[in-house]
file final_32.txt (compact mmCIF, C-alpha atoms and all ligand atoms)
# COMPACT_ATOMS: atom_id res chain seq x y z
CA ALA A 1 -152.29 135.19 -7.12
CA SER A 2 -150.08 132.81 -5.23
CA CYS A 3 -146.77 131.39 -6.28
CA SER A 4 -145.40 127.86 -6.26
CA PRO A 5 -142.13 127.58 -4.34
CA VAL A 6 -140.97 124.71 -6.59
CA GLU A 7 -139.10 125.43 -9.82
CA SER A 8 -140.48 122.76 -12.13
CA ARG A 9 -137.53 122.07 -14.50
CA THR A 10 -134.98 121.58 -11.76
CA GLY A 11 -137.19 120.57 -8.82
CA GLU A 12 -135.47 123.21 -6.68
CA VAL A 13 -137.56 124.31 -3.71
CA PHE A 14 -137.48 127.90 -2.46
CA PRO A 15 -138.39 129.42 0.89
CA GLU A 16 -141.71 131.29 0.75
CA GLU A 17 -140.15 134.20 2.57
CA VAL A 18 -136.61 135.57 3.10
CA ASP A 19 -134.89 138.50 4.78
CA GLY A 20 -137.66 139.33 7.23
CA GLY A 21 -140.81 139.71 5.22
CA ARG A 22 -139.78 139.54 1.58
CA ARG A 23 -142.21 137.15 -0.07
CA LEU A 24 -141.71 135.03 -3.16
CA LEU A 25 -142.95 136.57 -6.43
CA GLY A 26 -141.80 133.88 -8.84
CA VAL A 27 -139.23 131.21 -9.67
CA GLY A 28 -137.32 130.35 -12.84
CA VAL A 29 -134.25 128.78 -14.30
CA ARG A 30 -131.08 130.19 -15.84
CA ARG A 31 -129.95 128.06 -18.78
CA THR A 32 -127.05 128.35 -21.12
CA ASN A 33 -126.01 126.84 -24.42
CA VAL A 34 -122.68 125.13 -24.65
CA LEU A 35 -121.24 125.59 -28.16
CA GLY A 36 -124.79 125.84 -29.44
CA LEU A 37 -125.07 122.10 -28.94
CA LYS A 38 -126.55 121.37 -25.60
CA SER A 39 -128.40 123.36 -23.07
CA ILE A 40 -127.60 123.15 -19.39
CA ASP A 41 -129.49 124.41 -16.37
CA VAL A 42 -127.03 126.57 -14.43
CA TYR A 43 -129.15 127.72 -11.51
CA ALA A 44 -132.74 128.06 -10.37
CA PHE A 45 -133.79 131.40 -8.95
CA GLY A 46 -136.49 132.93 -6.81
CA VAL A 47 -137.38 136.62 -6.72
CA TYR A 48 -138.72 138.20 -3.52
CA ALA A 49 -140.05 141.61 -2.56
CA ASP A 50 -141.07 143.40 0.59
CA ASP A 51 -144.85 143.84 0.62
CA SER A 52 -144.93 147.21 2.30
CA ASP A 53 -142.36 148.59 -0.17
CA ILE A 54 -144.42 147.36 -3.13
CA LYS A 55 -147.12 149.75 -1.95
CA LYS A 56 -144.86 152.59 -3.09
CA LEU A 57 -146.22 151.82 -6.55
CA ASN A 58 -149.80 152.39 -5.38
CA GLU A 59 -149.86 156.09 -5.98
CA LYS A 60 -149.31 155.55 -9.68
CA TYR A 61 -150.93 152.16 -10.23
CA GLY A 62 -153.36 151.71 -7.35
CA THR A 63 -156.41 152.12 -9.56
CA ALA A 64 -155.22 150.03 -12.52
CA SER A 65 -156.68 146.54 -13.03
CA LEU A 66 -154.68 143.34 -12.72
CA SER A 67 -155.15 142.54 -16.41
CA GLU A 68 -153.88 145.99 -17.33
CA LEU A 69 -150.78 145.67 -15.15
CA LYS A 70 -149.80 142.14 -16.04
CA ASP A 71 -148.42 143.20 -19.43
CA LYS A 72 -147.64 146.84 -18.79
CA LYS A 73 -143.99 147.70 -19.52
CA GLU A 74 -144.04 150.96 -17.62
CA PHE A 75 -145.16 149.15 -14.47
CA ILE A 76 -142.11 146.87 -14.56
CA ALA A 77 -139.82 149.75 -15.45
CA ASP A 78 -141.05 151.57 -12.34
CA ALA A 79 -140.57 148.49 -10.17
CA LEU A 80 -136.96 148.27 -11.42
CA GLU A 81 -136.36 151.95 -10.63
CA SER A 82 -138.06 152.22 -7.26
CA ASP A 83 -136.59 151.89 -3.81
CA ILE A 84 -138.30 148.55 -3.14
CA ARG A 85 -136.39 146.03 -1.06
CA MET A 86 -135.97 142.84 -3.07
CA THR A 87 -133.92 139.65 -2.97
CA VAL A 88 -132.92 137.34 -5.81
CA ARG A 89 -131.91 133.92 -4.54
CA LEU A 90 -129.84 131.74 -6.89
CA GLN A 91 -129.58 128.00 -6.17
CA ILE A 92 -126.76 126.46 -8.20
CA VAL A 93 -127.69 123.24 -9.98
CA TYR A 94 -124.72 122.90 -12.36
CA GLY A 95 -121.81 121.90 -10.18
CA ARG A 96 -118.92 122.48 -12.53
CA LEU A 97 -118.98 126.20 -13.04
CA SER A 98 -115.56 127.66 -13.58
CA ILE A 99 -114.83 131.17 -12.40
CA ARG A 100 -113.88 131.97 -15.98
CA SER A 101 -117.29 131.04 -17.34
CA VAL A 102 -119.03 132.88 -14.52
CA ARG A 103 -116.97 135.99 -15.34
CA ASN A 104 -117.76 135.74 -19.04
CA ALA A 105 -121.46 135.16 -18.48
CA PHE A 106 -121.57 137.97 -15.99
CA ALA A 107 -119.78 140.45 -18.23
CA LYS A 108 -122.26 139.64 -20.97
CA SER A 109 -125.49 139.64 -18.97
CA VAL A 110 -124.90 142.36 -16.39
CA GLY A 111 -122.28 144.30 -18.37
CA THR A 112 -124.59 144.88 -21.32
CA ARG A 113 -127.33 146.08 -19.02
CA LEU A 114 -125.05 148.49 -17.19
CA GLN A 115 -124.15 149.95 -20.55
CA LYS A 116 -127.73 150.12 -21.76
CA PHE A 117 -129.07 151.82 -18.65
CA SER A 118 -126.16 154.19 -18.16
CA ALA A 119 -126.95 155.79 -21.51
CA SER A 120 -129.72 157.68 -19.70
CA GLU A 121 -127.92 158.17 -16.40
CA PRO A 122 -124.21 158.75 -16.87
CA SER A 123 -122.05 156.72 -14.53
CA ASP A 124 -118.76 154.92 -14.56
CA THR A 125 -119.82 151.42 -15.53
CA ASP A 126 -116.29 150.00 -15.59
CA GLU A 127 -115.71 151.15 -12.06
CA LEU A 128 -118.99 149.60 -10.95
CA LEU A 129 -118.13 146.28 -12.58
CA GLN A 130 -114.71 146.41 -10.97
CA LYS A 131 -116.22 147.05 -7.55
CA PHE A 132 -118.57 144.14 -7.97
CA VAL A 133 -115.90 141.77 -9.29
CA SER A 134 -113.64 142.63 -6.41
CA LEU A 135 -116.21 141.15 -4.02
CA PHE A 136 -115.36 137.68 -5.29
CA ARG A 137 -112.16 135.77 -4.80
CA ASP A 138 -110.56 134.01 -7.73
CA ASP A 139 -110.74 130.73 -5.86
CA GLN A 140 -114.40 131.06 -4.88
CA LYS A 141 -116.09 127.69 -5.39
CA LEU A 142 -119.68 127.29 -6.45
CA PRO A 143 -120.61 123.62 -6.06
CA LYS A 144 -124.12 122.33 -6.71
CA GLY A 145 -126.33 123.47 -3.86
CA SER A 146 -124.55 126.78 -3.33
CA VAL A 147 -126.87 129.68 -2.65
CA ILE A 148 -126.12 133.18 -3.87
CA GLU A 149 -128.28 136.02 -2.64
CA LEU A 150 -128.28 139.36 -4.41
CA SER A 151 -130.46 141.91 -2.69
CA ARG A 152 -131.48 145.50 -3.07
CA GLU A 153 -131.56 147.15 0.34
CA GLU A 154 -133.06 150.50 1.25
CA GLY A 155 -131.36 153.37 -0.56
CA TYR A 156 -130.29 151.23 -3.56
CA VAL A 157 -127.63 149.24 -1.79
CA LEU A 158 -126.71 145.97 -3.51
CA ARG A 159 -125.85 143.31 -0.97
CA THR A 160 -124.20 140.01 -1.96
CA ARG A 161 -124.08 136.78 0.01
CA ILE A 162 -122.80 133.30 -0.77
CA ASP A 163 -124.14 130.52 1.47
CA GLY A 164 -125.22 133.14 3.96
CA GLU A 165 -121.84 134.81 4.22
CA GLU A 166 -121.89 138.45 3.30
CA LEU A 167 -119.31 139.50 0.72
CA GLY A 168 -120.03 143.19 0.63
CA GLN A 169 -122.35 146.04 -0.25
CA ILE A 170 -122.28 148.54 -3.09
CA GLN A 171 -124.51 151.58 -3.21
CA SER A 172 -125.63 151.98 -6.82
CA LYS A 173 -129.09 152.40 -8.26
CA LEU A 174 -127.73 151.45 -11.68
CA LEU A 175 -126.12 148.21 -10.52
CA CYS A 176 -129.25 147.15 -8.58
CA LYS A 177 -131.41 147.82 -11.61
CA SER A 178 -129.06 146.02 -14.02
CA ILE A 179 -129.12 142.88 -11.89
CA LEU A 180 -132.88 142.85 -11.28
CA ASP A 181 -133.43 143.47 -15.00
CA LEU A 182 -131.97 140.02 -15.73
CA TYR A 183 -134.87 138.41 -13.92
CA PHE A 184 -137.88 140.59 -14.77
CA GLY A 185 -136.75 143.24 -17.23
CA GLU A 186 -137.40 143.48 -20.96
CA ASP A 187 -135.25 140.59 -22.09
CA PRO A 188 -135.37 138.25 -19.09
CA LEU A 189 -133.39 135.04 -18.57
CA ASP A 190 -136.67 133.13 -18.17
CA LYS A 191 -139.78 134.58 -19.81
CA ASN A 192 -142.29 132.50 -17.84
CA ALA A 193 -140.68 133.56 -14.59
CA LYS A 194 -140.89 137.19 -15.58
CA GLN A 195 -144.62 136.87 -16.31
CA GLU A 196 -145.21 135.21 -12.98
CA ILE A 197 -143.21 137.89 -11.16
CA GLN A 198 -145.07 140.71 -12.89
CA LEU A 199 -148.47 139.17 -12.20
CA ASN A 200 -147.69 138.63 -8.52
CA LEU A 201 -146.26 142.12 -8.14
CA ALA A 202 -149.49 143.51 -9.56
CA GLY A 203 -151.52 141.23 -7.31
CA ARG A 204 -149.78 142.47 -4.19
CA LEU A 205 -150.53 146.08 -4.95
CA LYS A 206 -154.17 145.29 -4.52
CA ILE A 207 -154.04 143.78 -1.06
O1 LIG B 301 -118.64 125.85 -17.70
O2 LIG B 301 -118.67 125.05 -19.67
C1 LIG B 301 -119.16 125.74 -18.80
C2 LIG B 301 -120.46 126.42 -19.13
C3 LIG B 301 -120.85 127.31 -18.05
C4 LIG B 301 -121.86 128.33 -18.44
C5 LIG B 301 -121.77 129.50 -17.55
C6 LIG B 301 -123.01 130.21 -17.26
C7 LIG B 301 -122.81 130.99 -16.00
C8 LIG B 301 -123.96 131.75 -15.52
C9 LIG B 301 -123.64 132.63 -14.37
C10 LIG B 301 -123.65 131.96 -13.06
C11 LIG B 301 -123.58 132.89 -11.94
C12 LIG B 301 -123.79 132.28 -10.64
O1 LIG B 302 -113.36 140.16 -16.21
O2 LIG B 302 -114.11 140.01 -18.20
C1 LIG B 302 -114.09 140.56 -17.11
C2 LIG B 302 -114.98 141.76 -16.96
C3 LIG B 302 -115.89 141.83 -15.81
C4 LIG B 302 -116.57 140.57 -15.43
C5 LIG B 302 -117.27 140.62 -14.13
C6 LIG B 302 -117.44 139.27 -13.53
C7 LIG B 302 -117.86 139.22 -12.11
C8 LIG B 302 -118.42 137.93 -11.69
C9 LIG B 302 -117.76 137.25 -10.57
C10 LIG B 302 -116.30 136.99 -10.78
C11 LIG B 302 -115.72 136.01 -9.83
C12 LIG B 302 -114.27 136.12 -9.71
O1 LIG B 303 -126.92 134.65 -14.68
O2 LIG B 303 -125.85 135.81 -16.12
C1 LIG B 303 -126.20 135.60 -14.97
C2 LIG B 303 -125.71 136.60 -13.97
C3 LIG B 303 -125.86 136.19 -12.58
C4 LIG B 303 -125.33 137.19 -11.60
C5 LIG B 303 -124.64 136.48 -10.51
C6 LIG B 303 -123.63 137.27 -9.79
C7 LIG B 303 -123.00 136.52 -8.69
C8 LIG B 303 -121.76 135.86 -9.08
C9 LIG B 303 -121.11 135.15 -7.98
C10 LIG B 303 -119.82 134.57 -8.44
C11 LIG B 303 -119.03 133.96 -7.38
C12 LIG B 303 -117.80 133.39 -7.90
call {"tool": "encode", "arguments": {"input": "final_32.txt", "output": "structure tokens", "more": "lines below"}}
Ligand code: DAO
Ligand code: DAO
Ligand code: DAO
result
Amino acid sequence: ASCSPVESRTGEVFPEEVDGGRRLLGVGVRRTNVLGLKSIDVYAFGVYADDSDIKKLNEKYGTASLSELKDKKEFIADALESDIRMTVRLQIVYGRLSIRSVRNAFAKSVGTRLQKFSASEPSDTDELLQKFVSLFRDDQKLPKGSVIELSREEGYVLRTRIDGEELGQIQSKLLCKSILDLYFGEDPLDKNAKQEIQLNLAGRLKI
């Protein structure tokens, strides 16, 4: 399966490859409702993974068929858990994001996942959130066209960049998983994108 680098709602175009060999698995859009009245597109995103790291899933899934894997929950759960280098690239399309709304959205989307996943692996979620928040300045601007890269590096290190400038790294399996879960976990921000990502992940096991 191959993947279109153009996100169709927003027209945003993504590189086919980033970070030295991580190839595009799928693209999608993050929308939000304002007062339940109108929906706005906040950013388009692309999800990338390192091909050789994907092969870590071969031992368990190497003999499964594509049609079996494309809907298999356990397969995605293992991809979220495994030490596979991945990058999520966010391209901002809504140019009037306030830091306050970013904070609120973030506390809701990532905060709830940290809580959910830490039920099975105890960890100080408040401290993790604090660490992550402290990467960003209160006067950070995110105009239309800004690019945020969130990546999982070897050994479960979350690396954050804005317009190519590195803000910092945090070693946490839980934080990496909570962020990736937004894009291809059980209750994803964009369901079509998740399906595309899962299908392409499965497809790359086979090559
Ligand atoms: O500003 O009135 C508003 C609505 C903004 C919605 C905020 C959604 C933010 C999503 C997170 C963006 C992270 C880059
Ligand atoms: O402040 O309500 C809160 C709790 C934690 C929110 C975490 C938000 C982090 C997102 C970036 C903030 C930019 C200053
Ligand atoms: O879409 O709900 C979401 C969460 C997106 C996570 C983005 C984290 C990066 C935030 C950067 C803020 C810079 C001020």
call {"tool": "closest_residue", "arguments": {"input": "final_32.txt", "among": "A:Leu189, A:Cys3, A:Leu24, A:Leu158", "to": "ligand LIG 301 (chain B)", "atoms": "all atoms listed in the file"}}
result
A:Leu189
call {"tool": "residues_near_ligand", "arguments": {"input": "final_32.txt", "ligand": "ligand LIG 303 (chain B)", "cutoff": "6 Å", "atoms": "all atoms listed in the file", "output": "ChimeraX atom specification"}}
result
/A:99,105-106,109,136,140
call {"tool": "atom_distance", "arguments": {"input": "final_32.txt", "atom1": "atom CA of Lys173 of chain A", "atom2": "atom C4 of ligand LIG 301 (chain B)"}}
result
27.1 Å
call {"tool": "residues_near_ligand", "arguments": {"input": "final_32.txt", "ligand": "ligand LIG 302 (chain B)", "cutoff": "10 Å", "atoms": "all atoms listed in the file", "output": "list of chain:residue names"}}
result
A:Ser98, A:Ile99, A:Arg100, A:Ser101, A:Val102, A:Arg103, A:Asn104, A:Ala105, A:Phe106, A:Ala107, A:Lys108, A:Ser109, A:Val110, A:Gly111, A:Asp126, A:Leu128, A:Leu129, A:Gln130, A:Lys131, A:Phe132, A:Val133, A:Ser134, A:Leu135, A:Phe136, A:Arg137, A:Asp138, A:Asp139, A:Gln140, A:Lys141
call {"tool": "residues_around", "arguments": {"input": "final_32.txt", "residues": "Ile148 of chain A", "least_positions_apart": "5", "cutoff": "10 Å", "atoms": "all atoms listed in the file", "output": "VMD selection string"}}
result
chain A and resid 43 45 88 to 92 142 160 to 166
call {"tool": "atom_distance", "arguments": {"input": "final_32.txt", "atom1": "atom CA of Ser118 of chain A", "atom2": "atom CA of Ser172 of chain A"}}
result
11.6 Å
call {"tool": "residues_around", "arguments": {"input": "final_32.txt", "residues": "Arg85 of chain A", "least_positions_apart": "3", "cutoff": "8 Å", "atoms": "only C-alpha atoms", "output": "VMD selection string"}}
result
chain A and resid 22 49 to 50 53 151 to 154
call {"tool": "write_last_selection", "arguments": {"input": "final_32.txt", "atoms": "C-alpha atoms", "output": "tab-separated table (two decimals), keeping the file's coordinate frame"}}
result
chain	number	residue	atom	x	y	z
A	22	ARG	CA	-139.78	139.54	1.58
A	49	ALA	CA	-140.05	141.61	-2.56
A	50	ASP	CA	-141.07	143.40	0.59
A	53	ASP	CA	-142.36	148.59	-0.17
A	151	SER	CA	-130.46	141.91	-2.69
A	152	ARG	CA	-131.48	145.50	-3.07
A	153	GLU	CA	-131.56	147.15	0.34
A	154	GLU	CA	-133.06	150.50	1.25
